[in-house]
Amino acid sequence: MEQNENNPYVKQYPDLMSGKKIMYVHGFASSAQSGTVKRLRTFFPNATVVAEDIPLHPEEGLAMLRKMAADERPDLIIGTSMGGMYTEQLYGFDRILINPAFQIADTMAMHGLTGKQVFQNPRKDGVQEFFVTKAMVKEYRDIQQQCFSHQEDRHRVWGLFGDRDDLVHTYPLFMEHYTQGIWCHGEHRTNDKMFMHSVVPVIRWIDDRQEHRERPVAYIHIDALRKSDGQQVSSAMKGFRRLMETFDLYIVAPTHNYDHDYQKNVLEWAYDVVNVPAWRHVVFTNREDLLIGDFFISPYEMSSFMGTHVMLGSDTFKTWDDIITYFGRVIS
């Protein structure tokens with residue numbers, strides 16, 4: 001993995017989606033030259049990224065996208081906003097819907113997206129302005145009503161929803177039909193930081209499943225990540241994100257006699273700090289001997305874990321920087 005020194009949120013992941021094809025479906029008033037297309041090509045240099053300008057009339061747009069998917073046979077389709085609404089209807093593929101505008105007609109009316117509009121990105125045909133009429137809004141309403149009509153492949157659909165999205169709010173609607181909906185830190189439009197911390201982890205999970213890849217498992221005790229006052233342990237998240245590139249990581253917390261307030265606190269902290277990588281990766285247990293894995297990073301003495309114990313605060317691993325250095329040797 002190579003990181004851009006000028007932007008810490010731009011990295012290359014040459015091993016992810018290598019030799020595969022990603023199809024991108026852009027949002028309303030955008031184009032195939034959007035920043036997300038450039039981001040995909042930068043982050044995944046060994047993947048082929050395909051995208052086309054979507055026709056303004058939604059029936060034409062959906063027909064074009066279905067033909068494109070059938071012709072290209074992408075390994076993954078990613079759609080943002082209006083593109084997420086379209087992508088949900090491209091059945092038979094692994095799909096990520098980012099802030100999907102399932103109720104695009106209502107969004108248009110609510111946020112003044114009718115009348116004269118300007119494309120946010122250059123279009124292949126050179127057109128810069130367009131006009132949204134009431135008739136066109138009705139066309140979009142007809143198309144949005146076709147969502148969720150085919151859900152046999154629901155395990156292949158992921159939804160990412162920005163917790164600061166002020167344009168669309170469709171998480172509850174998504175969860176009425178699917179199970180893999182995740183809140184992430186971000187606004188409606190995707191930027192480098194959101195992409196790296198929220199989208200890349202999901203792409204990694206999808207790529208692993210497609211390749212039947214089983215990563216080594218590493219557990220990290222919650223107290224190795226946060227202090228008693230809830231503040232992060234120094235360099236803990238730096239280490240977490242480094243290890244995430246190689247390991248299937250799980251956060252372990254004690255049950256405290258099933259203290260629900262404590263568990264809620266742990267989950268809220270994991271969401272706030274770790275965010276998407278913590279989704280379904282938090283384990284509550286007092287029996288480390290029952291955990292099957294390769295490594296366990298913990299600030300406590302541990303003899304029951306069957307794998308390798310890395311004790312934070314010991315003479316060998318005084319800090320997370322020591323742990324990062326150790327794993328740099330182990331996984332090189």
# chains A, B, ... in the order shown; residues from 1 in each chain; ligands from 1

call {"tool": "residues_around", "arguments": {"residues": "region 253-265 of chain A", "least_positions_apart": "2", "cutoff": "7 Å", "atoms": "only C-alpha atoms", "output": "JSON, numbers by chain"}}
result
{"A": [221, 222, 251, 267, 268, 269, 283, 284, 285, 286]}

call {"tool": "residues_around", "arguments": {"residues": "Val330 (chain A)", "least_positions_apart": "2", "cutoff": "12 Å", "atoms": "only C-alpha atoms", "output": "compact mmCIF listing (two decimals) with C-alpha atoms, in the first residue's frame"}}
result
# COMPACT_ATOMS: atom_id res chain seq x y z
CA PRO A 216 -5.34 -14.09 9.79
CA LEU A 243 -3.12 -3.97 10.94
CA THR A 246 -3.51 -7.60 6.72
CA PHE A 247 -5.73 -8.96 9.49
CA ASP A 294 -3.59 -15.68 15.57
CA PHE A 295 -2.87 -12.62 17.75
CA THR A 308 0.32 -15.08 20.21
CA ILE A 323 3.57 -2.95 18.16
CA ILE A 324 3.47 -1.36 14.70
CA THR A 325 7.19 -2.04 14.28
CA TYR A 326 6.75 -5.66 15.40
CA PHE A 327 3.95 -6.40 12.98
CA GLY A 328 5.86 -4.64 10.22
CA SER A 332 6.68 -8.30 5.63

call {"tool": "closest_residue", "arguments": {"among": "A:Gly159, A:Val168, A:Met175, A:Asp289", "to": "Gly307 (chain A)", "atoms": "only C-alpha atoms"}}
result
A:Asp289

call {"tool": "residues_around", "arguments": {"residues": "region 229-241 of chain A", "least_positions_apart": "2", "cutoff": "8 Å", "atoms": "only C-alpha atoms", "output": "list in words"}}
result
Ala224, Leu225, Arg226, Lys227, Leu243, Met244, Glu245, Trp269, Val274, Thr319, Trp320, Asp321, Ile323 and Ile324 of chain A

call {"tool": "atom_distance", "arguments": {"atom1": "CA of Arg39 (chain A)", "atom2": "CA of Ile98 (chain A)"}}
result
14.4 Å

call {"tool": "select_by_dssp", "arguments": {"residues": "region 37-265 of chain A", "states": "helix (DSSP H, G or I)", "output": "MDAnalysis selection string"}}
result
chainID A and resid 37:43 58:72 82:88 104:110 134:144 154:156 171:177 192:210 222:224 236:244 260:265

call {"tool": "residues_around", "arguments": {"residues": "Phe305 (chain A)", "least_positions_apart": "3", "cutoff": "8 Å", "atoms": "only C-alpha atoms", "output": "PyMOL selection string"}}
result
chain A and resi 288-291+296+302+308-309

call {"tool": "closest_residue", "arguments": {"among": "A:His111, A:Arg213, A:Arg123, A:Lys11", "to": "Ala29 (chain A)", "atoms": "only C-alpha atoms"}}
result
A:Arg123

call {"tool": "closest_residue", "arguments": {"among": "A:Gln144, A:Ser149, A:Gln89, A:Ser30", "to": "Ala101 (chain A)", "atoms": "only C-alpha atoms"}}
result
A:Gln144

call {"tool": "closest_residue", "arguments": {"among": "A:Leu90, A:Leu76, A:Leu16, A:Ala135", "to": "Gly61 (chain A)", "atoms": "only C-alpha atoms"}}
result
A:Leu90
